[in-house]
Amino acid sequence: SEGLILLSSDKLIIDINSFAKSILNFNNNSLFFYDYKILKELEEIVEVSFNQMKNMSVELEFEKRFYKCSTFCVEGNNSRVILMLEDISKAKKLDISKKEFVSNASHELKTPLTIISGFLETIMLKNYNDEKQLFYYLDIVQNEVNRLKKLVTNLLSLSTIENNYMKSNKINLLKIDEFILKLERTFEFLAQEKNIKLNFNYKNESMYILFPKEWLEIIISNILDNAIKYSAKNKSVNINLDIIHNTLIIEIQDFGIGIEEEDFTKIFERFYRGDKSHSSTIEGTGLGLSIVKHMIDIVEGEIMVRSKIDEGTTFSIYVPIIEILKVD
Ligand code: ATP
Ligand code: MG
């Protein structure tokens, strides 16, 4: 997995391995160091290595990939330098996404905290006219505290998903009817509040799955929560469960506000919330779907979204199962 290039002091490529060839887009007729863009960027460390016989190392971003580039000097009459290129894009990207995550998380935590401390100060200084105004302020504080709680819960579940999976019991029995009953109970109140009808459509089957049942609950709950949240009153939401071959297919269809096509991948990113116009009026942390996606990736399933603005959205989830038990 490392590219190796042997260079002579007159900057000719004497030898090159196949991985380095692919990085350079190597052409057998061009053996000169300066024929290659990436090598030109490494001119400095190669020069120093030849002049001072000193091993050097730098990181380089080239054509959207990251490389660790090191030189190794071969001393002798005809001094030579070996240039080693290691593709460190994966680790680098993970590192960047971790940093982004921490800074996003801090930002998201800071906003409610600022609001809470601001209003608490107002209250402590008795800067309100009457009890009505005081309760109005307290209501804002309470809302922000709830937002913080949800944020922290979501952040914790994101960071513990992998650990829990490793520790979890690997084979679990899933009974569709019990599972649906639990979902119905959980969402009864939320749906009633907006007079949304939840239509469950499934066959009563049982099966073994290779991940905790709670995960499926978390996955469907997040999508169902969105379906209700991003629909107007008096609509319906259809939940269909089906098994084809060794895959459990769950489709959740709403007739709500819809998602722009350009957002189809972004909605799975951490903290991403759709159009500002509705994200300021509808509450959320922007973490729900990123938790869903993370779990689905771990269980080696798939999630797809189809949607049209003002017509509605359908999320389709595919998760592998290991065995189906027929129940009549
Ligand atoms: P929470 O963390 O509370 O779930 P959220 O619902 O905003 O917050 P996600 O569930 O990750 O976060 O969803 C990301 C964004 O995708 C939402 O802000 C919304 O813009 C869009 N979205 C998701 N589901 C739907 C849907 N069924 N209809 C319309 N937009 C949706
Ligand atoms: Mg959500």
# chains A, B, ... in the order shown; residues from 1 in each chain; ligands from 1

$ residues_around --residues "Arg270 (chain A)" --least-positions-apart "2" --cutoff "10 Å" --atoms "only C-alpha atoms" --output "list of chain:residue names"
A:Glu100, A:Phe101, A:Asn104, A:Ala105, A:Leu155, A:Leu158, A:Lys266, A:Ile267, A:Phe268, A:Tyr272, A:Arg273, A:Thr285, A:Gly286, A:Leu287, A:Gly288, A:Leu289, A:Ser290, A:Ile291, A:Lys293

$ residues_around --residues "Ser70 (chain A)" --least-positions-apart "2" --cutoff "7 Å" --atoms "only C-alpha atoms" --output "MDAnalysis selection string"
chainID A and resid 56:58 68 72 83:85

$ residues_near_ligand --ligand "ligand 1" --cutoff "8 Å" --atoms "only C-alpha atoms and all ligand atoms" --output "ChimeraX atom specification"
/A:150-151,154,222-231,253-254,256-259,263,266-275,278-279,282-291,307,312-315

$ residues_around --residues "Asn25 (chain A)" --least-positions-apart "2" --cutoff "12 Å" --atoms "only C-alpha atoms" --output "number ranges by chain"
A: 3, 16-23, 27-31, 35-39, 63

$ residues_around --residues "Lys54 (chain A)" --least-positions-apart "2" --cutoff "12 Å" --atoms "only C-alpha atoms" --output "list in words"
Ile45, Val46, Glu47, Val48, Ser49, Phe50, Asn51, Gln52, Met56, Ser57, Ser70, Thr71, Phe72, Cys73, Val74, Glu75, Ser79, Arg80, Val81 and Ile82 of chain A

$ select_by_dssp --residues "region 152-220 of chain A" --states "alpha helix (DSSP H)" --output "PyMOL selection string"
chain A and resi 152-167+176-193+213-220

$ write_last_selection --atoms "N, CA and C atoms" --output "compact mmCIF listing (two decimals), in the first residue's frame"
# COMPACT_ATOMS: atom_id res chain seq x y z
N VAL A 152 -27.91 15.88 24.11
CA VAL A 152 -26.94 15.06 24.84
C VAL A 152 -27.28 13.57 24.68
N THR A 153 -28.57 13.24 24.76
CA THR A 153 -28.96 11.83 24.58
C THR A 153 -28.54 11.35 23.20
N ASN A 154 -28.83 12.17 22.17
CA ASN A 154 -28.45 11.78 20.81
C ASN A 154 -26.94 11.66 20.65
N LEU A 155 -26.21 12.61 21.22
CA LEU A 155 -24.75 12.56 21.12
C LEU A 155 -24.21 11.30 21.78
N LEU A 156 -24.77 10.98 22.95
CA LEU A 156 -24.32 9.78 23.66
C LEU A 156 -24.63 8.54 22.85
N SER A 157 -25.83 8.48 22.27
CA SER A 157 -26.15 7.25 21.56
C SER A 157 -25.27 7.12 20.32
N LEU A 158 -24.95 8.25 19.69
CA LEU A 158 -24.03 8.18 18.54
C LEU A 158 -22.68 7.62 18.94
N SER A 159 -22.20 8.05 20.12
CA SER A 159 -20.85 7.63 20.49
C SER A 159 -20.81 6.23 21.08
N THR A 160 -21.98 5.69 21.46
CA THR A 160 -21.94 4.35 22.06
C THR A 160 -22.44 3.25 21.12
N ILE A 161 -22.94 3.65 19.95
CA ILE A 161 -23.50 2.65 19.03
C ILE A 161 -22.56 1.47 18.79
N GLU A 162 -21.35 1.77 18.37
CA GLU A 162 -20.43 0.69 18.05
C GLU A 162 -20.10 -0.20 19.24
N ASN A 163 -19.83 0.45 20.39
CA ASN A 163 -19.55 -0.30 21.62
C ASN A 163 -20.67 -1.26 21.97
N ASN A 164 -21.90 -0.71 21.95
CA ASN A 164 -23.06 -1.53 22.30
C ASN A 164 -23.21 -2.71 21.37
N TYR A 165 -22.93 -2.47 20.09
CA TYR A 165 -23.08 -3.53 19.11
C TYR A 165 -22.10 -4.66 19.39
N MET A 166 -20.87 -4.27 19.73
CA MET A 166 -19.84 -5.26 20.01
C MET A 166 -20.23 -6.12 21.21
N LYS A 167 -20.86 -5.46 22.20
CA LYS A 167 -21.19 -6.17 23.43
C LYS A 167 -22.52 -6.93 23.33
N ILE A 176 -42.74 -9.67 14.54
CA ILE A 176 -43.25 -8.45 13.91
C ILE A 176 -44.45 -7.87 14.67
N ASP A 177 -45.41 -8.73 15.07
CA ASP A 177 -46.62 -8.16 15.69
C ASP A 177 -46.30 -7.46 17.01
N GLU A 178 -45.43 -8.05 17.81
CA GLU A 178 -45.05 -7.41 19.09
C GLU A 178 -44.34 -6.10 18.82
N PHE A 179 -43.50 -6.15 17.82
CA PHE A 179 -42.70 -4.99 17.46
C PHE A 179 -43.60 -3.82 17.03
N ILE A 180 -44.59 -4.14 16.18
CA ILE A 180 -45.50 -3.10 15.67
C ILE A 180 -46.34 -2.53 16.82
N LEU A 181 -46.79 -3.43 17.70
CA LEU A 181 -47.63 -2.99 18.82
C LEU A 181 -46.88 -1.94 19.66
N LYS A 182 -45.62 -2.20 19.89
CA LYS A 182 -44.81 -1.28 20.67
C LYS A 182 -44.69 0.08 19.97
N LEU A 183 -44.46 0.01 18.67
CA LEU A 183 -44.36 1.26 17.89
C LEU A 183 -45.66 2.04 17.93
N GLU A 184 -46.78 1.31 17.75
CA GLU A 184 -48.10 1.96 17.76
C GLU A 184 -48.32 2.71 19.06
N ARG A 185 -47.94 2.04 20.16
CA ARG A 185 -48.12 2.66 21.48
C ARG A 185 -47.25 3.89 21.62
N THR A 186 -46.01 3.77 21.18
CA THR A 186 -45.07 4.89 21.33
C THR A 186 -45.54 6.12 20.56
N PHE A 187 -46.09 5.89 19.37
CA PHE A 187 -46.39 7.03 18.50
C PHE A 187 -47.85 7.47 18.53
N GLU A 188 -48.66 6.74 19.31
CA GLU A 188 -50.09 7.05 19.39
C GLU A 188 -50.32 8.53 19.68
N PHE A 189 -49.67 8.99 20.73
CA PHE A 189 -49.91 10.34 21.22
C PHE A 189 -49.45 11.40 20.22
N LEU A 190 -48.23 11.21 19.71
CA LEU A 190 -47.66 12.16 18.76
C LEU A 190 -48.53 12.28 17.51
N ALA A 191 -49.03 11.13 17.04
CA ALA A 191 -49.85 11.13 15.84
C ALA A 191 -51.21 11.78 16.12
N GLN A 192 -51.78 11.45 17.28
CA GLN A 192 -53.09 12.01 17.63
C GLN A 192 -53.05 13.53 17.71
N GLU A 193 -51.97 14.04 18.26
CA GLU A 193 -51.81 15.48 18.42
C GLU A 193 -52.01 16.22 17.09
N LYS A 213 -32.83 -5.79 18.82
CA LYS A 213 -34.15 -5.33 18.38
C LYS A 213 -34.31 -3.83 18.59
N GLU A 214 -33.68 -3.37 19.68
CA GLU A 214 -33.81 -1.94 20.02
C GLU A 214 -33.28 -1.06 18.88
N TRP A 215 -32.32 -1.60 18.16
CA TRP A 215 -31.78 -0.80 17.06
C TRP A 215 -32.84 -0.54 16.01
N LEU A 216 -33.60 -1.61 15.70
CA LEU A 216 -34.66 -1.46 14.71
C LEU A 216 -35.69 -0.45 15.23
N GLU A 217 -35.92 -0.49 16.53
CA GLU A 217 -36.85 0.47 17.13
C GLU A 217 -36.32 1.89 16.97
N ILE A 218 -35.04 2.07 17.26
CA ILE A 218 -34.44 3.41 17.15
C ILE A 218 -34.51 3.89 15.69
N ILE A 219 -34.18 2.99 14.78
CA ILE A 219 -34.18 3.35 13.36
C ILE A 219 -35.58 3.78 12.92
N ILE A 220 -36.57 2.91 13.16
CA ILE A 220 -37.92 3.23 12.69
C ILE A 220 -38.49 4.42 13.45

$ closest_residue --among "A:Ser89, A:Asn129, A:Asn204, A:Asn78" --to "Glu61 (chain A)" --atoms "only C-alpha atoms"
A:Ser89

$ closest_residue --among "A:Ser221, A:Thr281, A:Glu260, A:Ile252" --to "ligand 2" --atoms "only C-alpha atoms and all ligand atoms"
A:Ser221

$ residues_around --residues "Asp15 (chain A)" --least-positions-apart "2" --cutoff "6 Å" --atoms "only C-alpha atoms" --output "list in words"
Ile5, Leu6 and Ile13 of chain A

$ select_by_dssp --residues "region 116-184 of chain A" --states "strand (DSSP E)" --output "list in words"
Asn172, Leu173, Leu174 and Lys175 of chain A

$ closest_residue --among "A:Leu4, A:Val237, A:Val292, A:Leu109" --to "ligand 2" --atoms "only C-alpha atoms and all ligand atoms"
A:Val292

$ atom_distance --atom1 "CA of Val141 (chain A)" --atom2 "CA of Ile115 (chain A)"
7.4 Å

$ closest_residue --among "A:Ile321, A:Val145, A:Ala91, A:Ile14" --to "Met207 (chain A)" --atoms "only C-alpha atoms"
A:Ile321

$ closest_residue --among "A:Thr114, A:Thr265, A:Asn195, A:Thr247" --to "Glu300 (chain A)" --atoms "only C-alpha atoms"
A:Thr247
